[in-house]
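Down below is the structure, laid out as structure tokens.
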Amino acid sequence: MLRSPFFYLLFITLFLSCRKETNNHLSKNSVTSDEAIAIRDKALLKFQNKDYNSAFYNFNKSKIAFENLKDSSNIVYNLIQMAAIQQINGDYYGSKETLTEALPYINQKDVYSAAINNYFGIADKELSIYEDAVYYYKEALKECKDSICKKAPLNNIAVIYILQNKYDKAILILESILFKGQITDKLFLKTQARILDNLGFAYFKKGMSEKGLSLMEESLQIRNNLNDRYGSIESNLHLAEFYAKTNSQNSNQFALTAYKTATESNSIDERLKALSYLISNDSNLKSSYYAKKFVSLNDSIIKIRNNFKNKFAKIKYDSKKEKDENQKLRLEKAENLLALQTARYQKIFFIIGITSLFLLLLYLRKFYQNRNRIEKIKTAYSTETRIAKDIHDGLANDVFHAITYTQTQVLTDESNKENLLQKLDDIYSRVRGISRENNDIDTGPNFPNNLKAMLSTYNSSQTNVIINGVEKINWDSVDDLKKITIQRVLHELMVNMKKHSEAPVVSIKFNTDSNSLLIDYSDNGKGCEKSKIIKNGLQNMEIRILAVKGTITFETEPNKGFKVKITMPK
């Protein structure tokens, strides 16, 4: 079959049968879907009116709209129409590119895949790539579900075989698809005429001229009766070739008829083919006229087709460029929205973080206030308990002994009187000591003197307390909390010594280096097992020292004295 706009309109009619279903599907979508359908219908109208530039532009525009809607069916439909327009205007390579673009959208074998294979076959036939053309026609044949549908691709395969001089193969196919019996349907008659014409032409090319002429004349008669003007062009051209070597007058008559009909139908290739017969058949001046006409028409159609190719390429390039720019703008917009959203979330998280931190600080403040309050209560209770114990264990016994002494001794005796006064003085000193121990600690300039005075109170006839290095310490550089801790810890050590060690000698040394304050305590008392330190209550010292980020270590063994080493940062 020769290439013509009328051939492609047959496929448009075929696709229109699917439009009702497509429209129903798209009507459920947004307004953009309706606009895409409107653009597609406008392109179809332009195609039917042979306004190919506008038709191609609008099909491409509709395709892009359906790409945004992810409507694969309409994407394929538009691409097929674009390929058809390219083939009508001789842009076969461009049409193959367009058809290739449609392949990823084909999910299953259907009318669209059949049309794509058929158009690939047409393009390869026109480009004289016959083997590929046969392959694609056979692929289209696989989509046919009945014998009527198979006639068109089989006829096209037979035409390729004729072009390849494989006349027997062509005849075998064409004879197998001829309608048998009486035919009344107009569409079937058109198909029968096309098959008869190609079969007759194959017989003629094989050398069976008489049988071939009969079939070609029968085909032309059917086409004239049906007023199939485009089909009659093909028949007249075949007959012009049939008579070209035997009867130039008849050949010219058929060629001239084909030329006039092709001119009326605006079928350029068929006009050129007819002119080629008219030129080769005549050697007179009229032949020169036809030759000039051929050259002029051929130059014109080459120029027009090149222009069409450039226009189609530019339309696709411009639309791709616009699509890329729109994609870039959409990407930038998405990035801006993401940045705004991120900034918004960051602001929300910042507010949540600040609020959480504030609440945490409030909680910690309350927690430490409660803990300090509890510590104060515990300390007050512990102090009260210790004072009560001191009074009960020490002072009460001394007072009782003094009272007993007055009752059992003669106080007029000077020695007894002196002993009593000594006992009362000891009791007084003990009371002052207890009072001093539980008063608030003065952390000011008098701190080192008060510290020495507190330690000196434990001097007695049985215990010698040696104090070294208090004056070496720059107590102004030591914060108040650490001063209080030092005095409390040393007091507890002295009480522990008094109660448990019975040490004749106690040594307390103060020293310092660039970062730390060092205190070494040692006595030569009874000592004890390390495991008993906790039982003796010395764990309170460790708690106090650790609270100011210091360290305390104990060294003791039974009958080997008691040593304590304290280190704390300044």
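Each chain in the structure tokens gets a letter, A, B, ..., in the order shown, and its residues are numbered from 1; ligands are numbered from 1 in order too.
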For the interface of range 106-144 of chain A with range 157-170 of chain A (cut-off 8 Å, counting only C-alpha atoms), please tabulate each contacting residue of range 106-144 of chain A alongside its nearest pair of atoms and their separation in Å to one decimal, rows sorted by chain and increasing number, as a tab-separated table.
residue	atom	partner	partner_atom	distance
A:Lys125	CA	A:Ile160	CA	7.2
A:Tyr130	CA	A:Ile160	CA	6.4
A:Ala133	CA	A:Ile160	CA	7.7
A:Val134	CA	A:Ile157	CA	5.7
A:Tyr137	CA	A:Ile157	CA	6.5
A:Lys138	CA	A:Ile157	CA	7.8
Write the residues you've just listed into a file as a CSV table (one decimal), in the first residue's frame, and include all heavy atoms for each of them.
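Result file out-v9.csv:
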chain,number,residue,atom,x,y,z
A,125,LYS,N,9.6,0.3,5.7
A,125,LYS,CA,9.3,0.0,4.3
A,125,LYS,C,9.7,1.2,3.5
A,125,LYS,O,10.4,1.1,2.4
A,125,LYS,CB,7.8,-0.3,4.1
A,125,LYS,CG,7.5,-0.7,2.7
A,125,LYS,CD,6.0,-0.7,2.4
A,125,LYS,CE,5.7,0.7,1.9
A,125,LYS,NZ,4.3,0.8,1.4
A,130,TYR,N,13.6,-3.6,4.6
A,130,TYR,CA,12.5,-4.5,4.3
A,130,TYR,C,12.4,-5.6,5.4
A,130,TYR,O,11.3,-5.9,5.8
A,130,TYR,CB,12.6,-5.1,2.9
A,130,TYR,CG,12.5,-4.1,1.8
A,130,TYR,CD1,13.4,-4.1,0.8
A,130,TYR,CD2,11.5,-3.1,1.9
A,130,TYR,CE1,13.3,-3.1,-0.2
A,130,TYR,CE2,11.4,-2.2,0.8
A,130,TYR,CZ,12.3,-2.2,-0.2
A,130,TYR,OH,12.2,-1.2,-1.2
A,133,ALA,N,10.8,-4.2,8.4
A,133,ALA,CA,9.4,-3.9,8.1
A,133,ALA,C,8.6,-5.2,8.2
A,133,ALA,O,7.5,-5.2,8.9
A,133,ALA,CB,9.3,-3.3,6.7
A,134,VAL,N,9.1,-6.3,7.7
A,134,VAL,CA,8.4,-7.6,7.8
A,134,VAL,C,8.2,-8.0,9.3
A,134,VAL,O,7.2,-8.5,9.7
A,134,VAL,CB,9.1,-8.7,7.0
A,134,VAL,CG1,8.5,-10.0,7.3
A,134,VAL,CG2,9.0,-8.4,5.5
A,137,TYR,N,5.5,-5.9,10.9
A,137,TYR,CA,4.2,-6.3,10.4
A,137,TYR,C,3.7,-7.6,11.0
A,137,TYR,O,2.5,-7.8,11.4
A,137,TYR,CB,4.2,-6.4,8.9
A,137,TYR,CG,4.2,-5.1,8.1
A,137,TYR,CD1,4.9,-4.9,7.0
A,137,TYR,CD2,3.4,-4.0,8.6
A,137,TYR,CE1,4.9,-3.7,6.3
A,137,TYR,CE2,3.3,-2.8,7.9
A,137,TYR,CZ,4.1,-2.7,6.8
A,137,TYR,OH,4.1,-1.5,6.1
A,138,LYS,N,4.7,-8.5,11.2
A,138,LYS,CA,4.4,-9.8,11.8
A,138,LYS,C,4.0,-9.6,13.3
A,138,LYS,O,3.1,-10.3,13.9
A,138,LYS,CB,5.5,-10.8,11.7
A,138,LYS,CG,5.7,-11.3,10.3
A,138,LYS,CD,6.8,-12.3,10.2
A,138,LYS,CE,6.9,-12.9,8.8
A,138,LYS,NZ,8.1,-13.9,8.7
Against range 518-530 of chain A, which residues of range 448-491 of chain A fall within 12 Å? For each one I want the closest pair of atoms and the distance in Å (one decimal), counting only C-alpha atoms, rows by chain and increasing residue number, as a Markdown table.
| residue | atom | partner | partner_atom | distance |
| --- | --- | --- | --- | --- |
| A:Leu455 | CA | A:Tyr521 | CA | 11.8 |
| A:Gln462 | CA | A:Gly525 | CA | 11.5 |
| A:Thr463 | CA | A:Asp523 | CA | 9.9 |
| A:Asn464 | CA | A:Asp523 | CA | 9.9 |
| A:Val465 | CA | A:Asp523 | CA | 9.1 |
| A:Ile466 | CA | A:Asp523 | CA | 10.0 |
| A:Ile467 | CA | A:Tyr521 | CA | 9.6 |
| A:Asn468 | CA | A:Asp520 | CA | 9.9 |
| A:Gly469 | CA | A:Ile519 | CA | 9.4 |
| A:Val470 | CA | A:Ile519 | CA | 9.8 |
| A:Lys472 | CA | A:Leu518 | CA | 11.4 |
| A:Ile473 | CA | A:Leu518 | CA | 9.7 |
| A:Ile486 | CA | A:Ile519 | CA | 9.0 |
| A:Gln487 | CA | A:Ile519 | CA | 11.5 |
| A:Val489 | CA | A:Ile519 | CA | 10.8 |
| A:Leu490 | CA | A:Tyr521 | CA | 8.6 |
| A:His491 | CA | A:Tyr521 | CA | 11.6 |
Mind pulling up the distance from CA of Phe56 in chain A to CA of Ile106 in chain A?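 Distance between the two atoms: 21.1 Å.
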What parts of range 393-565 of chain A does DSSP call alpha helix (DSSP H)? I'd like the answer as a PyMOL selection string. chain A and resi 396-408+414-438+447-456+480-496+539-547
Could those selected residues go to a file with C-alpha atoms, as a compact mmCIF listing (two decimals), in the first residue's frame?
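The new file out-v6.txt reads:
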# COMPACT_ATOMS: atom_id res chain seq x y z
CA ALA A 396 26.14 13.52 132.41
CA ASN A 397 28.61 10.98 133.73
CA ASP A 398 31.10 13.69 134.68
CA VAL A 399 28.36 15.70 136.47
CA PHE A 400 27.22 12.56 138.27
CA HIS A 401 30.80 11.80 139.35
CA ALA A 402 31.19 15.39 140.59
CA ILE A 403 28.00 15.15 142.63
CA THR A 404 29.10 11.80 144.06
CA TYR A 405 32.49 13.29 144.86
CA THR A 406 30.88 16.11 146.90
CA GLN A 407 28.82 13.58 148.79
CA THR A 408 31.66 11.23 149.62
CA GLU A 414 42.09 21.61 150.37
CA SER A 415 43.12 18.72 148.12
CA ASN A 416 39.56 17.45 147.79
CA LYS A 417 38.42 20.97 147.14
CA GLU A 418 41.06 21.34 144.34
CA ASN A 419 40.01 18.04 142.77
CA LEU A 420 36.39 19.15 142.74
CA LEU A 421 37.26 22.47 141.17
CA GLN A 422 39.30 20.64 138.51
CA LYS A 423 36.39 18.35 137.74
CA LEU A 424 34.01 21.34 137.46
CA ASP A 425 36.50 23.12 135.20
CA ASP A 426 36.67 20.03 132.94
CA ILE A 427 32.87 19.93 132.83
CA TYR A 428 32.82 23.63 131.89
CA SER A 429 35.40 23.07 129.15
CA ARG A 430 33.36 20.14 127.81
CA VAL A 431 30.22 22.27 127.68
CA ARG A 432 32.05 25.03 125.83
CA GLY A 433 33.47 22.46 123.42
CA ILE A 434 30.05 21.03 122.64
CA SER A 435 28.68 24.54 122.14
CA ARG A 436 31.57 25.50 119.90
CA GLU A 437 31.26 22.33 117.83
CA ASN A 438 27.65 23.03 116.96
CA PHE A 447 38.81 30.63 110.18
CA PRO A 448 42.40 29.32 110.63
CA ASN A 449 42.50 30.51 114.27
CA ASN A 450 39.11 28.95 115.03
CA LEU A 451 40.21 25.74 113.32
CA LYS A 452 43.35 25.55 115.49
CA ALA A 453 41.33 26.39 118.60
CA MET A 454 38.83 23.61 117.82
CA LEU A 455 41.63 21.08 117.33
CA SER A 456 43.49 22.29 120.44
CA ASP A 480 33.47 28.64 102.15
CA LEU A 481 31.88 25.24 101.46
CA LYS A 482 35.29 23.56 101.46
CA LYS A 483 36.28 25.37 104.71
CA ILE A 484 33.11 24.10 106.41
CA THR A 485 33.80 20.60 105.06
CA ILE A 486 37.39 20.65 106.40
CA GLN A 487 36.31 21.73 109.87
CA ARG A 488 33.46 19.19 110.05
CA VAL A 489 35.65 16.32 108.83
CA LEU A 490 38.53 17.16 111.21
CA HIS A 491 36.10 17.52 114.10
CA GLU A 492 34.65 14.07 113.36
CA LEU A 493 38.19 12.67 113.20
CA MET A 494 39.01 14.17 116.60
CA VAL A 495 35.78 12.86 118.15
CA ASN A 496 36.54 9.44 116.70
CA GLN A 539 31.55 7.18 106.08
CA ASN A 540 30.08 10.64 106.74
CA MET A 541 33.57 12.07 106.23
CA GLU A 542 33.83 10.38 102.83
CA ILE A 543 30.43 11.72 101.79
CA ARG A 544 31.41 15.27 102.76
CA ILE A 545 34.75 15.10 100.89
CA LEU A 546 33.24 13.60 97.73
CA ALA A 547 30.61 16.37 97.75
Could you state the separation of CA of Asn107 in chain A and CA of Lys70 in chain A in Å, given to one decimal place? 13.3 Å
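Between CA of Lys205 in chain A and CA of Glu217 in chain A the interatomic distance comes to 15.4 Å.
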Shell of 12 Å around Ser461 in chain A, only C-alpha atoms, local chain residues under 6 positions omitted, as an MDAnalysis selection string: chainID A and resid 426 502:505
May I have the residues within 8 Å of Val111 in chain A as number ranges by chain, using only C-alpha atoms and disregarding those fewer than 3 positions away in the same chain? A: 114-115, 143
